[in-house]
Amino acid sequence: MAVLLYVVGAWLHIPYGGGHVYSDIVTVFQTRECAGTCTLPVPYVQGFVEYPVLTAFFMYAMGALGGHLPGDLLSNYYALTCIALLVPTLLLVRELYLLARMRGVSTGRVLWFYVATPTFLIMILLNWYVIGTFFAVAGIRQFLLGRRKAAGALMGLSAASNLVTAAPAVGLLLSERRFKDALRLSGAAGAVYGAINIPVFLLNPSNWVAFWTYQSNWYVEGSWMEIFLNIFSPLRHMVSISVFVILFSLVLLVRFRLKERDPVRLGFLTLFAFVSSTYVYTPQMNVMLLPFYVILLIPSSYFEFLAFDLLNAGVIVVGFSQVLLPLGITYHVVQFGLDSPVQWMAIIRSLWLGKLFVYDGLGKPYVIAEEPRASIRTQHPALLSRLEPMRQVD
């Protein structure tokens with residue numbers, strides 16, 4: 001099913017064809033790596049790219065390989081990208097399946113809450129988030145197995161791919177009981193992230209710093225802040241930081257006052273605290289949120305989840321695509337401002353995410369099912385010792 005829907009998604013995003021659904025994979029390549037004469041500058045070293053190092057070099061590699069094949073470069077680049085991204089996509093599905101079994105969650109949720117979803121169909125090939133998400137989810141599973149160095153290394157790869165996808169690592173750190181274990185996790189993550197970024201920084205410091213400056217200067221996009229802030233308001237940073245401090249304080253309250261030690265739930269809360277407070281909440285970020293809907297039974301209603309995910313995908317389909325063009329019909333929708341239906345769709349789903357964080361996340365403690373404990377005890381003894389504190393959850 002994943003392969004079938006992935007192929008449909010690949011058709012939807014075909015450059016200037018297929019289903020005429022917008023894709024950053026195409027647009028960013030044309031504006032960053034293939035601008036003008038299409039000389040394919042080496043990212044960070046020879047030219048600026050708005051994405052972290054691993055994603056930037058992935059994009060460059062697909063373009064360089066595509067240039068050695070006969071035919072149009074853009075078409076070759078897109079086809080190679082689709083083939084390459086199928087690997088982390090399927091590995092992510094596998095990781096979710098294994099995590100579901102470890103946690104005593106129905107494996108059918110992997111299909112209904114990740115694979116057969118608007119996000120999987122529209123967002124996987126809209127951007128490169130699936131790379132960092134795979135590393136993060138794989139890191140969580142390794143952490144549950146007691147392999148902290150492996151988990152840290154995978155989180156470092158996640159940060160070097162998409163940065164925000166590694167946010168659950170903070171939740172893993174919060175769940176640690178011993179400083180030595182926390183040091184192993186954070187040390188491995190920092191070492192891997194540094195090994196990838198330091199050489200690039202030394203080769204061209206200005207381009208590496210420009211990445212951070214570019215991200216900081218981005219406008220308010222897809223956030224509830226658009227209701228009362230101009231998209232370029234200088235207050236966006238202060239508001240975002242203030243809200244994050246408040247939401248993360250609630251996470252700390254859950255951890256230390258309510259004695260929550262479940263690393264998956266703490267990882268989820270940390271990630272959602274960031275996404276709910278940031279002034280940039282793009283639709284493709286749902287790729288990294290959906291794994292937690294699978295594992296933590298959030299939300300409890302499938303129909304609520306589907307409505308939320310359809311609204312999120314609608315931001316791209318309605319506002320930035322021409323899905324009726326194959327029928328010879330074009331349409332124009334105002335994309336920005338409070339008079340834009342697209343922006344209100346984005347704002348509503350941003351507020352909805354806050355509900356999922358506060359009511360479903362903070363308000364409903366997760367208790368692992370009793371039935372799979374026997375299999376966990378025999379197959380994953382290290383995991384069982386980490387899950388025992390959850391018996392105390394009321």
# chains A, B, ... in the order shown; residues from 1 in each chain; ligands from 1
call {"tool": "closest_atom_pairs", "arguments": {"of": "stretch 277-370 of chain A", "to": "stretch 99-122 of chain A", "cutoff": "8 Å", "atoms": "only C-alpha atoms", "output": "JSON lines"}}
result
{"residue": "A:Gln284", "atom": "CA", "partner": "A:Thr119", "partner_atom": "CA", "distance": 7.5}
{"residue": "A:Asn286", "atom": "CA", "partner": "A:Thr119", "partner_atom": "CA", "distance": 6.7}
{"residue": "A:Val287", "atom": "CA", "partner": "A:Thr119", "partner_atom": "CA", "distance": 6.5}
{"residue": "A:Leu290", "atom": "CA", "partner": "A:Tyr114", "partner_atom": "CA", "distance": 6.0}
{"residue": "A:Pro291", "atom": "CA", "partner": "A:Tyr114", "partner_atom": "CA", "distance": 6.9}
{"residue": "A:Tyr293", "atom": "CA", "partner": "A:Phe113", "partner_atom": "CA", "distance": 6.6}
{"residue": "A:Val294", "atom": "CA", "partner": "A:Arg109", "partner_atom": "CA", "distance": 5.5}
{"residue": "A:Ile295", "atom": "CA", "partner": "A:Ala100", "partner_atom": "CA", "distance": 5.9}
{"residue": "A:Tyr302", "atom": "CA", "partner": "A:Phe113", "partner_atom": "CA", "distance": 7.9}
{"residue": "A:Phe305", "atom": "CA", "partner": "A:Phe113", "partner_atom": "CA", "distance": 7.8}
{"residue": "A:Leu306", "atom": "CA", "partner": "A:Thr117", "partner_atom": "CA", "distance": 7.5}
{"residue": "A:Asp309", "atom": "CA", "partner": "A:Pro118", "partner_atom": "CA", "distance": 6.2}
{"residue": "A:Leu310", "atom": "CA", "partner": "A:Pro118", "partner_atom": "CA", "distance": 6.0}
{"residue": "A:Asn312", "atom": "CA", "partner": "A:Thr119", "partner_atom": "CA", "distance": 7.9}
{"residue": "A:Ala313", "atom": "CA", "partner": "A:Pro118", "partner_atom": "CA", "distance": 6.1}
{"residue": "A:Ile368", "atom": "CA", "partner": "A:Arg103", "partner_atom": "CA", "distance": 6.3}
{"residue": "A:Ala369", "atom": "CA", "partner": "A:Gly104", "partner_atom": "CA", "distance": 5.5}
{"residue": "A:Glu370", "atom": "CA", "partner": "A:Gly104", "partner_atom": "CA", "distance": 7.8}
call {"tool": "write_last_selection", "arguments": {"atoms": "C-alpha atoms", "output": "JSON list (two decimals), in the first residue's frame"}}
result
[["chain", "number", "residue", "atom", "x", "y", "z"],
["A", 284, "GLN", "CA", 4.80, 19.36, 5.28],
["A", 286, "ASN", "CA", 2.81, 16.87, 9.41],
["A", 287, "VAL", "CA", 5.20, 14.23, 8.06],
["A", 290, "LEU", "CA", 2.07, 11.57, 12.16],
["A", 291, "PRO", "CA", 4.35, 8.90, 13.71],
["A", 293, "TYR", "CA", -0.44, 9.78, 16.12],
["A", 294, "VAL", "CA", 0.32, 6.15, 15.27],
["A", 295, "ILE", "CA", 2.10, 5.25, 18.51],
["A", 302, "TYR", "CA", -9.92, 8.53, 13.46],
["A", 305, "PHE", "CA", -7.49, 12.84, 12.65],
["A", 306, "LEU", "CA", -8.64, 12.52, 9.04],
["A", 309, "ASP", "CA", -5.03, 15.91, 7.97],
["A", 310, "LEU", "CA", -7.35, 16.78, 5.07],
["A", 312, "ASN", "CA", -3.64, 20.45, 6.36],
["A", 313, "ALA", "CA", -3.25, 18.97, 2.87],
["A", 368, "ILE", "CA", 1.00, 0.98, 27.63],
["A", 369, "ALA", "CA", -1.26, -2.00, 27.01],
["A", 370, "GLU", "CA", -0.87, -4.90, 29.41]]
call {"tool": "closest_atom_pairs", "arguments": {"of": "stretch 268-309 of chain A", "to": "stretch 337-349 of chain A", "cutoff": "9 Å", "atoms": "only C-alpha atoms", "output": "Markdown table"}}
result
| residue | atom | partner | partner_atom | distance |
| --- | --- | --- | --- | --- |
| A:Tyr281 | CA | A:Ala346 | CA | 8.4 |
| A:Thr282 | CA | A:Ala346 | CA | 8.3 |
| A:Pro283 | CA | A:Ala346 | CA | 8.0 |
| A:Phe308 | CA | A:Arg349 | CA | 6.5 |
| A:Asp309 | CA | A:Arg349 | CA | 8.6 |
call {"tool": "write_last_selection", "arguments": {"atoms": "C-alpha atoms", "output": "compact mmCIF listing (two decimals), in the first residue's frame"}}
result
# COMPACT_ATOMS: atom_id res chain seq x y z
CA TYR A 281 4.17 25.81 10.68
CA THR A 282 4.24 24.55 7.11
CA PRO A 283 1.89 21.74 5.97
CA PHE A 308 -7.27 17.53 10.56
CA ASP A 309 -5.03 15.91 7.97
call {"tool": "closest_residue", "arguments": {"among": "A:Val315, A:Leu351, A:Val42, A:Met155", "to": "A:Phe272", "atoms": "only C-alpha atoms"}}
result
A:Leu351
call {"tool": "atom_distance", "arguments": {"atom1": "atom CA of A:Ile329", "atom2": "atom CA of A:Gly17"}}
result
13.9 Å
call {"tool": "residues_around", "arguments": {"residues": "A:Ala61", "least_positions_apart": "5", "cutoff": "12 Å", "atoms": "only C-alpha atoms", "output": "count of residues only"}}
result
18
call {"tool": "closest_atom_pairs", "arguments": {"of": "stretch 68-171 of chain A", "to": "stretch 196-200 of chain A", "cutoff": "12 Å", "atoms": "only C-alpha atoms", "output": "tab-separated table"}}
result
residue	atom	partner	partner_atom	distance
A:Ala153	CA	A:Ile196	CA	11.4
A:Gly156	CA	A:Ile196	CA	9.0
A:Leu157	CA	A:Ile196	CA	8.4
A:Ser158	CA	A:Ile196	CA	11.3
A:Ala159	CA	A:Ile196	CA	10.2
A:Ala160	CA	A:Ile196	CA	7.1
A:Ser161	CA	A:Ile196	CA	10.0
A:Leu163	CA	A:Asn197	CA	12.0
call {"tool": "atom_distance", "arguments": {"atom1": "atom CA of A:Val8", "atom2": "atom CA of A:Gln30"}}
result
22.9 Å
call {"tool": "select_by_dssp", "arguments": {"residues": "stretch 34-111 of chain A", "states": "alpha helix (DSSP H)", "output": "number ranges by chain"}}
result
A: 53-67, 73-103, 108-110
call {"tool": "closest_residue", "arguments": {"among": "A:Met59, A:Met1, A:Val243, A:Val45", "to": "A:Val28", "atoms": "only C-alpha atoms"}}
result
A:Met59
call {"tool": "residues_around", "arguments": {"residues": "A:Ile241", "least_positions_apart": "3", "cutoff": "12 Å", "atoms": "only C-alpha atoms", "output": "VMD selection string"}}
result
chain A and resid 235 to 238 244 to 248 273 to 279
call {"tool": "residues_around", "arguments": {"residues": "A:Leu91", "least_positions_apart": "3", "cutoff": "10 Å", "atoms": "only C-alpha atoms", "output": "JSON list (two decimals) with N, CA and C atoms, in the first residue's frame"}}
result
[["chain", "number", "residue", "atom", "x", "y", "z"],
["A", 86, "LEU", "N", 12.14, 6.93, -1.71],
["A", 86, "LEU", "CA", 11.34, 5.75, -1.40],
["A", 86, "LEU", "C", 12.00, 4.92, -0.30],
["A", 87, "VAL", "N", 13.33, 4.97, -0.23],
["A", 87, "VAL", "CA", 14.07, 4.17, 0.77],
["A", 87, "VAL", "C", 13.73, 4.62, 2.20],
["A", 88, "PRO", "N", 13.95, 5.90, 2.57],
["A", 88, "PRO", "CA", 13.58, 6.29, 3.93],
["A", 88, "PRO", "C", 12.07, 6.21, 4.19],
["A", 94, "ARG", "N", 8.45, 0.73, 8.22],
["A", 94, "ARG", "CA", 8.94, -0.45, 8.97],
["A", 94, "ARG", "C", 9.20, -0.09, 10.43],
["A", 95, "GLU", "N", 9.85, 1.04, 10.68],
["A", 95, "GLU", "CA", 10.13, 1.46, 12.04],
["A", 95, "GLU", "C", 8.84, 1.66, 12.84],
["A", 96, "LEU", "N", 7.84, 2.26, 12.21],
["A", 96, "LEU", "CA", 6.57, 2.48, 12.89],
["A", 96, "LEU", "C", 5.89, 1.15, 13.21],
["A", 97, "TYR", "N", 5.98, 0.20, 12.29],
["A", 97, "TYR", "CA", 5.40, -1.13, 12.52],
["A", 97, "TYR", "C", 6.07, -1.80, 13.72],
["A", 131, "ILE", "N", 13.24, 12.27, 5.37],
["A", 131, "ILE", "CA", 14.60, 11.83, 5.70],
["A", 131, "ILE", "C", 14.85, 12.01, 7.20],
["A", 134, "PHE", "N", 12.55, 9.80, 9.41],
["A", 134, "PHE", "CA", 12.99, 8.41, 9.52],
["A", 134, "PHE", "C", 14.11, 8.27, 10.56],
["A", 135, "PHE", "N", 15.12, 9.15, 10.48],
["A", 135, "PHE", "CA", 16.22, 9.08, 11.43],
["A", 135, "PHE", "C", 15.72, 9.26, 12.87],
["A", 137, "VAL", "N", 12.60, 8.69, 14.15],
["A", 137, "VAL", "CA", 11.79, 7.55, 14.60],
["A", 137, "VAL", "C", 12.68, 6.34, 14.84],
["A", 138, "ALA", "N", 13.66, 6.13, 13.96],
["A", 138, "ALA", "CA", 14.61, 5.03, 14.18],
["A", 138, "ALA", "C", 15.40, 5.27, 15.46]]
call {"tool": "closest_residue", "arguments": {"among": "A:Tyr16, A:Phe336, A:Tyr51, A:Tyr60", "to": "A:Cys34", "atoms": "only C-alpha atoms"}}
result
A:Tyr60
call {"tool": "atom_distance", "arguments": {"atom1": "atom CA of A:Ala2", "atom2": "atom CA of A:Phe58"}}
result
22.3 Å
call {"tool": "residues_around", "arguments": {"residues": "stretch 251-266 of chain A", "least_positions_apart": "2", "cutoff": "6 Å", "atoms": "only C-alpha atoms", "output": "MDAnalysis selection string"}}
result
chainID A and resid 171:172 175 248:249 268:269
call {"tool": "write_last_selection", "arguments": {"atoms": "C-alpha atoms", "output": "short mmCIF file (atom, residue, chain, number, x, y, z; two decimals), in the first residue's frame"}}
result
data_model
loop_
_atom_site.label_atom_id
_atom_site.label_comp_id
_atom_site.auth_asym_id
_atom_site.auth_seq_id
_atom_site.Cartn_x
_atom_site.Cartn_y
_atom_site.Cartn_z
CA GLY A 171 12.10 14.42 25.27
CA LEU A 172 14.36 11.38 25.30
CA SER A 175 13.23 10.65 30.35
CA PHE A 248 7.78 23.56 27.46
CA SER A 249 7.23 24.45 31.11
CA PHE A 268 5.90 13.89 21.35
CA LEU A 269 5.20 16.67 23.86
#
call {"tool": "closest_residue", "arguments": {"among": "A:Pro326, A:Asn230, A:Asn217, A:Ala150", "to": "A:Ala191", "atoms": "only C-alpha atoms"}}
result
A:Ala150
